file final-v7.txt (compact mmCIF, C-alpha atoms and all ligand atoms)
# COMPACT_ATOMS: atom_id res chain seq x y z
CA MET R 100 -6.41 -11.73 -13.43
CA GLN R 101 -7.92 -10.54 -10.15
CA HIS R 102 -5.50 -7.87 -8.99
CA LEU R 103 -3.91 -5.01 -10.90
CA TYR R 104 -1.55 -2.24 -9.81
CA LEU R 105 -1.14 0.85 -12.02
CA HIS R 106 1.83 3.12 -11.38
CA ILE R 107 1.45 6.86 -12.07
CA PRO R 108 4.97 8.30 -11.63
CA PHE R 109 4.23 12.04 -11.60
CA CYS R 110 4.33 14.48 -8.70
CA HIS R 111 4.11 18.26 -8.57
CA ARG R 112 7.17 18.29 -6.34
CA ARG R 113 9.35 15.63 -4.72
CA CYS R 114 8.80 15.30 -0.98
CA SER R 115 12.04 15.47 0.97
CA TYR R 116 11.77 11.89 2.29
CA CYS R 117 10.54 10.18 -0.88
CA ASP R 118 12.48 7.52 -2.76
CA PHE R 119 9.57 6.20 -4.85
CA ASN R 120 9.83 6.01 -8.61
CA THR R 121 8.23 9.38 -9.30
CA TYR R 122 9.24 12.55 -11.14
CA ALA R 123 8.49 16.25 -10.80
CA ASN R 124 8.20 18.70 -13.70
CA MET R 125 7.18 15.99 -16.15
CA GLU R 126 3.55 17.04 -16.56
CA HIS R 127 4.09 17.46 -20.30
CA ARG R 128 4.62 13.67 -20.57
CA ILE R 129 1.43 12.62 -18.78
CA GLU R 130 -0.64 12.22 -21.94
CA ALA R 131 2.01 10.14 -23.73
CA TYR R 132 2.45 8.08 -20.56
CA VAL R 133 -1.28 7.35 -20.34
CA GLU R 134 -1.20 6.21 -23.98
CA ALA R 135 1.70 3.87 -23.18
CA LEU R 136 0.02 2.58 -20.02
CA CYS R 137 -3.12 1.70 -21.98
CA ALA R 138 -0.96 0.01 -24.63
CA GLU R 139 0.81 -2.05 -21.95
CA LEU R 140 -2.59 -3.05 -20.54
CA ARG R 141 -3.68 -4.21 -24.01
CA MET R 142 -0.44 -6.19 -24.46
CA ARG R 143 -0.88 -7.82 -21.07
CA ALA R 144 -4.54 -8.63 -21.81
CA ALA R 145 -3.47 -10.45 -24.98
CA GLN R 146 -1.19 -12.75 -22.94
CA GLU R 147 -2.33 -15.96 -21.38
CA HIS R 148 -2.53 -15.94 -17.60
CA VAL R 149 -2.41 -19.34 -15.97
CA PRO R 150 -4.53 -19.36 -12.81
CA VAL R 151 -2.51 -20.28 -9.72
CA PRO R 152 -3.69 -22.33 -6.73
CA ARG R 153 -5.39 -20.03 -4.23
CA SER R 154 -6.66 -20.57 -0.73
CA THR R 155 -10.30 -19.99 0.16
CA GLU R 156 -9.21 -16.75 1.86
CA ALA R 157 -7.45 -15.43 -1.23
CA ALA R 158 -10.21 -16.57 -3.58
CA ALA R 159 -12.77 -14.71 -1.44
CA LEU R 160 -11.18 -11.32 -2.21
CA PRO R 161 -12.98 -9.19 -4.78
CA PRO R 162 -11.10 -8.07 -7.91
CA THR R 163 -8.95 -5.04 -7.13
CA ILE R 164 -7.38 -2.19 -9.09
CA PHE R 165 -5.00 0.20 -7.38
CA PHE R 166 -3.78 3.49 -8.85
CA GLY R 167 -0.57 4.28 -6.96
CA GLY R 168 2.30 6.63 -7.41
CA GLY R 169 3.40 9.16 -7.58
CA THR R 170 0.25 11.18 -7.64
CA PRO R 171 -2.56 9.54 -9.62
CA THR R 172 -4.79 12.54 -8.97
CA MET R 173 -2.64 14.51 -11.42
CA LEU R 174 -4.49 12.57 -14.14
CA SER R 175 -7.53 14.14 -15.75
CA LEU R 176 -10.86 12.36 -15.43
CA GLY R 177 -10.68 11.50 -19.14
CA GLN R 178 -7.29 9.84 -18.60
CA PHE R 179 -8.64 7.84 -15.65
CA GLU R 180 -11.55 6.73 -17.84
CA ARG R 181 -9.30 5.53 -20.66
CA ILE R 182 -7.06 3.60 -18.29
CA LEU R 183 -10.03 1.93 -16.61
CA GLU R 184 -11.45 0.97 -19.97
CA ALA R 185 -8.16 -0.67 -20.96
CA ALA R 186 -7.89 -2.30 -17.53
CA SER R 187 -11.37 -3.82 -17.90
CA ALA R 188 -9.96 -6.29 -20.44
CA LEU R 189 -7.84 -7.73 -17.61
CA VAL R 190 -9.82 -7.31 -14.39
CA PRO R 191 -13.61 -7.33 -14.09
CA LEU R 192 -14.69 -3.87 -12.95
CA GLU R 193 -18.04 -5.12 -11.70
CA GLY R 194 -17.75 -5.60 -7.95
CA ALA R 195 -14.10 -4.52 -7.94
CA GLU R 196 -12.44 -2.46 -5.24
CA ILE R 197 -10.91 0.41 -7.22
CA THR R 198 -8.56 2.58 -5.19
CA SER R 199 -6.69 5.70 -6.11
CA GLU R 200 -4.02 7.32 -4.03
CA ALA R 201 -4.75 11.02 -3.69
CA ASN R 202 -2.51 13.87 -2.64
CA PRO R 203 -4.68 16.36 -0.72
CA GLY R 204 -2.76 19.12 -2.48
CA THR R 205 -4.17 18.01 -5.84
CA VAL R 206 -7.71 16.85 -5.26
CA LEU R 207 -9.36 19.95 -3.86
CA GLY R 208 -12.54 20.13 -5.88
CA ARG R 209 -15.85 18.41 -5.51
CA ASP R 210 -16.42 18.10 -9.26
CA TYR R 211 -13.18 16.18 -9.77
CA LEU R 212 -13.92 13.88 -6.84
CA ARG R 213 -17.51 13.31 -7.99
CA GLY R 214 -16.15 12.51 -11.44
CA LEU R 215 -13.71 9.96 -10.02
CA ARG R 216 -16.50 8.36 -8.04
CA SER R 217 -18.77 8.17 -11.08
CA LEU R 218 -16.00 6.45 -13.06
CA GLY R 219 -16.11 3.62 -10.51
CA VAL R 220 -13.24 4.59 -8.21
CA ASN R 221 -14.73 3.59 -4.86
CA ARG R 222 -11.84 3.96 -2.45
CA LEU R 223 -9.47 6.88 -1.94
CA SER R 224 -6.20 6.68 -0.08
CA MET R 225 -5.13 10.16 0.99
CA GLY R 226 -1.57 10.95 2.01
CA VAL R 227 -2.02 13.37 4.90
CA GLN R 228 1.19 12.38 6.78
CA SER R 229 1.01 15.04 9.54
CA LEU R 230 -1.35 17.60 11.03
CA HIS R 231 1.55 19.88 11.91
CA ASP R 232 2.10 22.49 9.19
CA PRO R 233 5.77 23.22 9.98
CA THR R 234 6.47 19.48 9.70
CA LEU R 235 4.57 19.25 6.42
CA ARG R 236 6.86 22.01 5.12
CA VAL R 237 9.99 20.12 6.23
CA LEU R 238 8.64 17.07 4.44
CA GLY R 239 8.08 19.11 1.28
CA ARG R 240 4.38 18.30 1.17
CA ILE R 241 2.27 20.55 -1.06
CA HIS R 242 -0.68 20.86 1.32
CA THR R 243 -1.48 22.10 4.81
CA ALA R 244 -3.33 20.13 7.47
CA ALA R 245 -6.44 22.26 6.88
CA GLU R 246 -6.34 21.50 3.15
CA ALA R 247 -6.05 17.81 3.90
CA ARG R 248 -9.11 18.00 6.11
CA GLN R 249 -10.97 19.94 3.42
CA SER R 250 -10.11 17.29 0.81
CA PHE R 251 -11.32 14.59 3.17
CA GLU R 252 -14.68 16.36 3.64
CA GLU R 253 -15.00 16.96 -0.09
CA ALA R 254 -14.37 13.27 -0.76
CA ARG R 255 -17.19 12.42 1.63
CA GLU R 256 -19.50 14.90 -0.09
CA ALA R 257 -18.56 13.38 -3.44
CA GLY R 258 -19.84 10.00 -2.22
CA PHE R 259 -16.70 8.19 -1.10
CA THR R 260 -17.65 5.86 1.73
CA ASN R 261 -14.31 4.09 1.94
CA LEU R 262 -11.47 6.48 2.76
CA ASN R 263 -7.96 5.70 3.93
CA LEU R 264 -5.63 8.24 5.51
CA ASP R 265 -1.85 7.74 5.52
CA PHE R 266 0.20 9.18 8.38
CA ILE R 267 3.87 8.99 9.27
CA PHE R 268 5.29 8.93 12.79
CA GLY R 269 8.84 9.48 13.99
CA LEU R 270 8.87 12.75 12.06
CA PRO R 271 11.38 15.59 12.48
CA GLY R 272 10.74 17.46 15.70
CA GLN R 273 7.85 15.16 16.68
CA ASP R 274 7.49 14.02 20.29
CA LEU R 275 5.06 11.60 21.88
CA ALA R 276 2.71 14.33 23.10
CA GLN R 277 2.41 15.85 19.62
CA TRP R 278 1.78 12.42 18.08
CA GLU R 279 -0.85 11.58 20.70
CA ALA R 280 -2.60 14.88 19.94
CA THR R 281 -2.53 13.96 16.22
CA LEU R 282 -4.02 10.53 16.99
CA ALA R 283 -6.74 12.10 19.14
CA ALA R 284 -7.64 14.45 16.28
CA ILE R 285 -7.57 12.02 13.37
CA THR R 286 -9.64 9.37 15.12
CA THR R 287 -12.51 11.89 15.15
CA TRP R 288 -12.47 12.35 11.36
CA GLY R 289 -14.39 9.12 10.81
CA ALA R 290 -12.14 7.59 8.12
CA GLU R 291 -12.76 3.90 7.44
CA HIS R 292 -9.07 3.05 7.33
CA PHE R 293 -5.67 4.28 8.49
CA SER R 294 -2.16 3.33 7.39
CA LEU R 295 0.65 4.44 9.69
CA TYR R 296 4.29 4.26 8.74
CA SER R 297 7.39 4.92 10.75
CA LEU R 298 9.62 7.42 8.95
CA ILE R 299 12.39 5.65 7.08
CA LEU R 300 15.34 7.81 6.16
CA GLU R 301 16.29 6.67 2.68
CA GLU R 302 19.77 7.49 1.47
CA GLN R 303 19.78 9.82 -1.56
CA THR R 304 16.86 11.83 -0.17
CA PRO R 305 17.20 15.48 0.90
CA LEU R 306 15.85 14.64 4.34
CA PHE R 307 18.53 12.00 4.87
CA ALA R 308 21.17 14.60 4.03
CA GLN R 309 19.62 17.14 6.42
CA VAL R 310 19.50 14.63 9.28
CA THR R 311 23.02 13.41 8.58
CA ALA R 312 24.27 17.00 8.62
CA GLY R 313 22.56 17.57 11.97
CA ASN R 314 20.21 20.25 10.64
CA VAL R 315 17.10 18.20 11.35
CA VAL R 316 16.53 15.91 14.33
CA VAL R 317 14.28 12.87 14.20
CA PRO R 318 13.07 10.78 17.16
CA ASP R 319 15.19 7.73 18.02
CA ASP R 320 13.98 4.11 17.69
CA ASP R 321 12.69 3.93 21.28
CA ALA R 322 10.64 7.10 20.79
CA ALA R 323 9.24 5.76 17.50
CA ALA R 324 8.33 2.46 19.22
CA ALA R 325 6.47 4.42 21.92
CA MET R 326 4.56 6.26 19.18
CA TYR R 327 3.59 2.96 17.55
CA GLU R 328 2.31 1.62 20.89
CA ALA R 329 0.34 4.83 21.45
CA ALA R 330 -1.28 4.37 18.04
CA MET R 331 -2.26 0.79 18.87
CA MET R 332 -3.92 1.95 22.09
CA GLN R 333 -5.67 5.03 20.72
CA PHE R 334 -7.01 3.32 17.60
CA ALA R 335 -8.33 0.40 19.64
CA ALA R 336 -10.06 2.83 22.01
CA ALA R 337 -11.60 4.64 19.03
CA GLY R 338 -13.10 1.44 17.55
CA TYR R 339 -10.47 0.62 14.93
CA GLN R 340 -9.19 -2.90 14.51
CA GLN R 341 -5.54 -3.38 13.72
CA TYR R 342 -5.42 -6.14 11.10
CA GLU R 343 -1.87 -5.67 9.84
CA ILE R 344 1.37 -4.27 11.24
CA SER R 345 0.74 -0.82 9.74
CA ASN R 346 -3.01 -0.87 9.06
CA TRP R 347 -6.22 -0.28 10.98
CA ALA R 348 -9.84 -0.31 9.81
CA ARG R 349 -13.04 0.77 11.47
CA SER R 350 -14.54 -2.25 13.11
CA THR R 351 -18.10 -3.39 13.82
CA PRO R 352 -19.24 -6.15 16.19
CA GLU R 353 -20.00 -8.34 13.15
CA ASP R 354 -16.44 -8.11 11.80
CA GLY R 355 -14.42 -11.29 12.05
CA ARG R 356 -10.70 -11.64 11.74
CA LEU R 357 -10.64 -9.00 9.05
CA PRO R 358 -12.61 -5.77 9.41
CA ARG R 359 -15.04 -4.90 6.65
CA TYR R 360 -12.95 -1.97 5.43
CA ALA R 361 -9.65 -3.83 5.23
CA CYS R 362 -7.86 -2.95 1.97
CA ASN R 363 -8.56 -5.87 -0.36
CA HIS R 364 -5.78 -4.95 -2.76
CA ASN R 365 -3.17 -5.06 -0.02
CA LEU R 366 -4.73 -8.26 1.34
CA ALA R 367 -3.96 -9.81 -2.03
CA TYR R 368 -0.27 -8.92 -1.46
CA TRP R 369 -0.30 -10.20 2.12
CA LEU R 370 -1.95 -13.45 1.00
CA ASN R 371 0.86 -13.71 -1.56
CA SER R 372 -1.57 -13.77 -4.47
CA ASP R 373 -0.50 -13.18 -8.03
CA TYR R 374 -0.99 -9.67 -9.37
CA LEU R 375 -0.19 -7.72 -12.48
CA ALA R 376 1.53 -4.38 -12.26
CA VAL R 377 1.79 -1.92 -15.14
CA GLY R 378 3.56 1.37 -15.59
CA ALA R 379 7.10 2.65 -15.16
CA GLY R 380 8.95 0.85 -12.39
CA ALA R 381 5.93 -1.27 -11.43
CA HIS R 382 6.65 -4.66 -9.84
CA GLY R 383 4.38 -7.61 -10.63
CA HIS R 384 4.18 -11.13 -9.24
CA LEU R 385 3.08 -13.98 -11.48
CA TYR R 386 4.43 -17.11 -9.83
CA PRO R 387 6.90 -18.64 -10.71
CA ARG R 388 8.18 -15.20 -11.73
CA ARG R 389 8.42 -11.69 -10.40
CA TYR R 390 9.10 -8.81 -12.77
CA ALA R 391 9.99 -5.13 -12.62
CA ASN R 392 9.23 -2.67 -15.38
CA ILE R 393 11.62 -0.07 -16.79
CA LEU R 394 12.01 2.82 -14.36
CA GLY R 395 12.18 6.03 -16.39
CA ILE R 396 9.13 7.63 -17.97
CA ASP R 397 10.67 8.24 -21.40
CA ALA R 398 12.35 4.83 -21.58
CA TYR R 399 9.05 3.21 -20.60
CA ILE R 400 7.10 5.10 -23.26
CA LYS R 401 9.74 4.24 -25.88
CA ALA R 402 9.70 0.51 -25.07
CA VAL R 403 5.92 0.32 -25.31
CA ALA R 404 5.93 2.33 -28.57
CA GLN R 405 8.24 -0.33 -30.03
CA GLY R 406 5.61 -2.94 -29.23
CA THR R 407 7.56 -4.69 -26.49
CA LEU R 408 6.56 -5.31 -22.91
CA PRO R 409 8.48 -2.68 -20.90
CA VAL R 410 10.05 -5.20 -18.54
CA ALA R 411 13.52 -4.50 -17.09
CA THR R 412 14.07 -7.58 -14.95
CA VAL R 413 12.45 -10.96 -14.42
CA THR R 414 13.28 -13.03 -11.35
CA ALA R 415 12.55 -16.74 -11.27
CA LEU R 416 10.96 -17.86 -8.01
CA THR R 417 11.54 -21.28 -6.50
CA PRO R 418 9.09 -23.21 -4.31
CA GLU R 419 11.29 -22.16 -1.34
CA ASP R 420 10.83 -18.50 -2.33
CA LEU R 421 7.07 -19.02 -2.52
CA ARG R 422 7.00 -20.54 0.96
CA ALA R 423 9.18 -17.83 2.49
CA GLU R 424 7.15 -15.04 0.90
CA THR R 425 3.87 -16.62 1.97
CA MET R 426 5.15 -16.57 5.56
CA MET R 427 6.73 -13.11 5.49
CA MET R 428 3.69 -11.49 3.94
CA GLY R 429 1.07 -13.50 5.83
CA LEU R 430 2.60 -12.93 9.26
CA ARG R 431 2.18 -9.19 8.75
CA LEU R 432 -1.54 -9.82 9.22
CA ASN R 433 -2.81 -10.00 12.79
CA GLN R 434 -4.79 -13.11 11.83
CA GLY R 435 -1.50 -14.75 10.85
CA VAL R 436 -1.10 -17.61 8.38
CA SER R 437 -3.60 -20.47 8.34
CA GLN R 438 -2.69 -24.07 7.68
CA ALA R 439 -5.26 -24.17 4.88
CA HIS R 440 -3.90 -21.05 3.18
CA PHE R 441 -0.30 -22.25 3.33
CA MET R 442 -1.26 -25.70 2.04
CA ALA R 443 -3.31 -24.28 -0.85
CA ARG R 444 -0.60 -21.81 -1.91
CA CYS R 445 2.51 -23.90 -1.28
CA GLY R 446 1.33 -27.51 -1.47
CA LEU R 447 2.61 -28.66 1.93
CA GLY R 448 1.81 -28.11 5.61
CA LEU R 449 3.33 -25.45 7.87
CA ASP R 450 4.96 -28.05 10.10
CA GLU R 451 6.46 -29.88 7.18
CA ALA R 452 7.95 -26.65 5.81
CA TYR R 453 8.95 -24.86 9.01
CA GLY R 454 8.25 -27.06 12.08
CA PRO R 455 11.51 -26.44 14.02
CA THR R 456 11.59 -22.72 13.13
CA ILE R 457 8.01 -22.21 14.30
CA ALA R 458 8.64 -24.13 17.56
CA HIS R 459 11.74 -21.99 18.26
CA LEU R 460 9.88 -18.71 17.63
CA ILE R 461 7.01 -19.83 19.86
CA ASP R 462 9.57 -20.56 22.63
CA LEU R 463 10.92 -17.02 22.18
CA GLY R 464 7.42 -15.60 22.66
CA VAL R 465 7.21 -13.89 19.26
CA LEU R 466 4.84 -16.39 17.60
CA GLU R 467 1.73 -18.13 18.87
CA SER R 468 -0.33 -20.90 17.32
CA ASP R 469 -3.58 -22.80 17.56
CA ALA R 470 -4.82 -25.75 15.53
CA GLU R 471 -5.65 -23.50 12.59
CA ARG R 472 -3.13 -20.64 12.46
CA ILE R 473 0.18 -19.20 13.53
CA ARG R 474 0.54 -15.48 14.13
CA LEU R 475 2.84 -12.88 15.67
CA THR R 476 2.34 -12.10 19.36
CA ALA R 477 2.15 -8.45 20.45
CA ARG R 478 5.86 -8.71 21.23
CA GLY R 479 6.50 -10.28 17.85
CA ARG R 480 4.88 -7.33 16.10
CA MET R 481 7.50 -5.03 17.61
CA VAL R 482 10.31 -7.11 16.06
CA GLY R 483 8.48 -8.33 12.96
CA ASN R 484 11.38 -7.99 10.55
CA GLN R 485 13.62 -10.17 12.72
CA VAL R 486 10.89 -12.83 12.87
CA PHE R 487 10.30 -12.74 9.10
CA ALA R 488 14.03 -13.20 8.48
CA LYS R 489 13.85 -16.63 10.14
CA PHE R 490 11.73 -17.92 7.24
CA VAL R 491 14.14 -16.90 4.50
S1 LIG U 1 3.56 12.90 -3.08
FE1 LIG U 1 4.10 10.79 -2.50
S2 LIG U 1 5.07 9.89 -4.31
FE2 LIG U 1 5.02 12.12 -4.63
S3 LIG U 1 7.03 12.84 -3.91
FE3 LIG U 1 5.61 12.99 -2.17
S4 LIG U 1 5.82 11.03 -1.05
FE4 LIG U 1 6.73 10.76 -3.11
call {"tool": "encode", "arguments": {"input": "final-v7.txt", "output": "structure tokens"}}
result
Amino acid sequence: MQHLYLHIPFCHRRCSYCDFNTYANMEHRIEAYVEALCAELRMRAAQEHVPVPRSTEAAALPPTIFFGGGTPTMLSLGQFERILEAASALVPLEGAEITSEANPGTVLGRDYLRGLRSLGVNRLSMGVQSLHDPTLRVLGRIHTAAEARQSFEEAREAGFTNLNLDFIFGLPGQDLAQWEATLAAITTWGAEHFSLYSLILEEQTPLFAQVTAGNVVVPDDDAAAAMYEAAMMQFAAAGYQQYEISNWARSTPEDGRLPRYACNHNLAYWLNSDYLAVGAGAHGHLYPRRYANILGIDAYIKAVAQGTLPVATVTALTPEDLRAETMMMGLRLNQGVSQAHFMARCGLGLDEAYGPTIAHLIDLGVLESDAERIRLTARGRMVGNQVFAKFV
């Protein structure tokens, strides 16, 4: 197996906008959870994995391991080490991109960061979200902007040369001028990679309730679209290449379609590769199946303790599903979907699968093509979800 996601569902506190599978005040279960996670990894390693057809692009990716959450940096270094040791039976660590998400409120400390680096974690993805402290408080974040910057500098000093920063736009009280000031500031930090997300108000979250009640005001869709366009312009001017709808990486003249610091783990998703996912609520993709693990921490630990794979649901995927997902994921990339990739993954040509749909979307000005690839146009990127829906 080349790609592995590990879910760490613990947080010090729930952010007001978060609907991820993560739990606060469960620190006392971390050790038992790590035991269960390692046991799931051993169970998965004992299973046979049938290699699937991969395109040259997908096969060129290095092995990847991604610690996501939740807040993986709530783990001790010893717990990271044990998980990586168990993971090494599934994914070769040599040459792997090993990423951990990191909440700047939890990773202050050079020794911890140096320890992570020495264990082989070579990429950190830090959730900064905003440089505006009052907004960070509304979001329920556990750090200030200054602490986020300090964590970033400490990660550099600890030897991390591949750092991603996550930001959200369309935040409560945010206007275009404030967002442009944020962009101007963060593009001077020197991070290798940025992921930007438009705020999504998920039902069941405290922020959704506050906005619905009229206590908090968020920018409308037009304002959020203007913020996205501002990001595209300011990142390009600062030497970052947008390679996916929400992702930019520092670019050099030698970079081709994909910048050197593109996130290989996410590229595996966008190239619709197979990947294993372990941990509570983790979703894996092993064509012709997709699976989701049990959500709750205690239920997950209990299932693993009984010696069973902690799977809650398995969904059978048809060849039509594979084709649709290859298009929906691949078109998120600025390079688009190549004929060779689609043929290798799906066993037929783009025209054979989607000829009339592609021709119609090109007429509408949201797709463009050459002999090798089809991709979204700049206009298409603004309405990506509507374009993707045409392939389902
Ligand atoms: S730190 Fe991340 S995962 Fe945890 S509650 Fe906040 S947004 Fe959710």
call {"tool": "closest_atom_pairs", "arguments": {"input": "final-v7.txt", "of": "chain R", "to": "ligand LIG 1 (chain U)", "cutoff": "10 Å", "atoms": "all atoms listed in the file", "output": "tab-separated table"}}
result
residue	atom	partner	partner_atom	distance
R:Ile107	CA	U:LIG1	S2	9.1
R:Pro108	CA	U:LIG1	S2	7.5
R:Phe109	CA	U:LIG1	FE2	7.0
R:Cys110	CA	U:LIG1	FE2	4.8
R:His111	CA	U:LIG1	FE2	7.4
R:Arg112	CA	U:LIG1	S3	6.0
R:Arg113	CA	U:LIG1	S3	3.7
R:Cys114	CA	U:LIG1	FE3	4.1
R:Ser115	CA	U:LIG1	S3	7.5
R:Tyr116	CA	U:LIG1	S4	6.9
R:Cys117	CA	U:LIG1	FE4	4.5
R:Asp118	CA	U:LIG1	FE4	6.6
R:Phe119	CA	U:LIG1	FE4	5.6
R:Asn120	CA	U:LIG1	S2	7.5
R:Thr121	CA	U:LIG1	S2	5.9
R:Tyr122	CA	U:LIG1	S3	7.6
R:Ala123	CA	U:LIG1	S3	7.8
R:Gly167	CA	U:LIG1	S2	8.4
R:Gly168	CA	U:LIG1	S2	5.3
R:Gly169	CA	U:LIG1	S2	3.7
R:Thr170	CA	U:LIG1	FE2	5.7
R:Pro171	CA	U:LIG1	S2	9.3
R:Glu200	CA	U:LIG1	FE1	9.0
R:Ala201	CA	U:LIG1	S1	8.5
R:Asn202	CA	U:LIG1	S1	6.2
R:Pro203	CA	U:LIG1	S1	9.2
R:Gly204	CA	U:LIG1	S1	8.9
R:Thr205	CA	U:LIG1	S1	9.7
R:Met225	CA	U:LIG1	FE1	9.9
R:Gly226	CA	U:LIG1	FE1	7.2
R:Val227	CA	U:LIG1	S1	9.7
R:Gln228	CA	U:LIG1	S4	9.2
R:Leu238	CA	U:LIG1	FE3	8.3
R:Gly239	CA	U:LIG1	FE3	7.4
R:Arg240	CA	U:LIG1	FE3	6.4
R:Ile241	CA	U:LIG1	S1	8.0
call {"tool": "write_last_selection", "arguments": {"input": "final-v7.txt", "atoms": "C-alpha atoms", "output": "PDB file, in the coordinates of the input"}}
result
ATOM      1  CA  ILE R 107       1.450   6.860 -12.070  1.00  0.00           C
ATOM      2  CA  PRO R 108       4.970   8.300 -11.630  1.00  0.00           C
ATOM      3  CA  PHE R 109       4.230  12.040 -11.600  1.00  0.00           C
ATOM      4  CA  CYS R 110       4.330  14.480  -8.700  1.00  0.00           C
ATOM      5  CA  HIS R 111       4.110  18.260  -8.570  1.00  0.00           C
ATOM      6  CA  ARG R 112       7.170  18.290  -6.340  1.00  0.00           C
ATOM      7  CA  ARG R 113       9.350  15.630  -4.720  1.00  0.00           C
ATOM      8  CA  CYS R 114       8.800  15.300  -0.980  1.00  0.00           C
ATOM      9  CA  SER R 115      12.040  15.470   0.970  1.00  0.00           C
ATOM     10  CA  TYR R 116      11.770  11.890   2.290  1.00  0.00           C
ATOM     11  CA  CYS R 117      10.540  10.180  -0.880  1.00  0.00           C
ATOM     12  CA  ASP R 118      12.480   7.520  -2.760  1.00  0.00           C
ATOM     13  CA  PHE R 119       9.570   6.200  -4.850  1.00  0.00           C
ATOM     14  CA  ASN R 120       9.830   6.010  -8.610  1.00  0.00           C
ATOM     15  CA  THR R 121       8.230   9.380  -9.300  1.00  0.00           C
ATOM     16  CA  TYR R 122       9.240  12.550 -11.140  1.00  0.00           C
ATOM     17  CA  ALA R 123       8.490  16.250 -10.800  1.00  0.00           C
ATOM     18  CA  GLY R 167      -0.570   4.280  -6.960  1.00  0.00           C
ATOM     19  CA  GLY R 168       2.300   6.630  -7.410  1.00  0.00           C
ATOM     20  CA  GLY R 169       3.400   9.160  -7.580  1.00  0.00           C
ATOM     21  CA  THR R 170       0.250  11.180  -7.640  1.00  0.00           C
ATOM     22  CA  PRO R 171      -2.560   9.540  -9.620  1.00  0.00           C
ATOM     23  CA  GLU R 200      -4.020   7.320  -4.030  1.00  0.00           C
ATOM     24  CA  ALA R 201      -4.750  11.020  -3.690  1.00  0.00           C
ATOM     25  CA  ASN R 202      -2.510  13.870  -2.640  1.00  0.00           C
ATOM     26  CA  PRO R 203      -4.680  16.360  -0.720  1.00  0.00           C
ATOM     27  CA  GLY R 204      -2.760  19.120  -2.480  1.00  0.00           C
ATOM     28  CA  THR R 205      -4.170  18.010  -5.840  1.00  0.00           C
ATOM     29  CA  MET R 225      -5.130  10.160   0.990  1.00  0.00           C
ATOM     30  CA  GLY R 226      -1.570  10.950   2.010  1.00  0.00           C
ATOM     31  CA  VAL R 227      -2.020  13.370   4.900  1.00  0.00           C
ATOM     32  CA  GLN R 228       1.190  12.380   6.780  1.00  0.00           C
ATOM     33  CA  LEU R 238       8.640  17.070   4.440  1.00  0.00           C
ATOM     34  CA  GLY R 239       8.080  19.110   1.280  1.00  0.00           C
ATOM     35  CA  ARG R 240       4.380  18.300   1.170  1.00  0.00           C
ATOM     36  CA  ILE R 241       2.270  20.550  -1.060  1.00  0.00           C
TER      37      ILE R 241
END
call {"tool": "closest_atom_pairs", "arguments": {"input": "final-v7.txt", "of": "region 206-279 of chain R", "to": "region 334-345 of chain R", "cutoff": "12 Å", "atoms": "all atoms listed in the file", "output": "JSON lines"}}
result
{"residue": "R:Leu264", "atom": "CA", "partner": "R:Ser345", "partner_atom": "CA", "distance": 11.9}
{"residue": "R:Asp265", "atom": "CA", "partner": "R:Ser345", "partner_atom": "CA", "distance": 9.9}
{"residue": "R:Phe266", "atom": "CA", "partner": "R:Ser345", "partner_atom": "CA", "distance": 10.1}
{"residue": "R:Ile267", "atom": "CA", "partner": "R:Ser345", "partner_atom": "CA", "distance": 10.3}
{"residue": "R:Phe268", "atom": "CA", "partner": "R:Ser345", "partner_atom": "CA", "distance": 11.2}
{"residue": "R:Glu279", "atom": "CA", "partner": "R:Phe334", "partner_atom": "CA", "distance": 10.8}
call {"tool": "axis_aligned_box", "arguments": {"input": "final-v7.txt", "around": "region 302-306 of chain R", "padding_each_side": "6 Å", "output": "JSON"}}
result
{"center_x": 17.8, "center_y": 11.5, "center_z": 1.4, "size_x": 15.9, "size_y": 20.0, "size_z": 17.9}
call {"tool": "atom_distance", "arguments": {"input": "final-v7.txt", "atom1": "CA of Ala391 (chain R)", "atom2": "CA of Gly406 (chain R)"}}
result
17.3 Å
call {"tool": "atom_distance", "arguments": {"input": "final-v7.txt", "atom1": "CA of Tyr399 (chain R)", "atom2": "CA of Met142 (chain R)"}}
result
13.9 Å
call {"tool": "atom_distance", "arguments": {"input": "final-v7.txt", "atom1": "CA of Pro409 (chain R)", "atom2": "CA of Glu139 (chain R)"}}
result
7.8 Å
call {"tool": "residues_around", "arguments": {"input": "final-v7.txt", "residues": "region 348-361 of chain R", "least_positions_apart": "3", "cutoff": "12 Å", "atoms": "only C-alpha atoms", "output": "VMD selection string"}}
result
chain R and resid 156 160 to 161 196 221 to 222 260 to 264 286 to 295 331 334 to 345 364 to 367 369 432 to 437 472
call {"tool": "residues_around", "arguments": {"input": "final-v7.txt", "residues": "Ser468 (chain R)", "least_positions_apart": "5", "cutoff": "12 Å", "atoms": "only C-alpha atoms", "output": "number ranges by chain"}}
result
R: 430, 434-438, 449-450, 454, 457-458, 460-462, 473-476
call {"tool": "closest_residue", "arguments": {"input": "final-v7.txt", "among": "R:Pro271, R:Gly378, R:Gly258, R:Gly313", "to": "Glu134 (chain R)", "atoms": "only C-alpha atoms"}}
result
R:Gly378
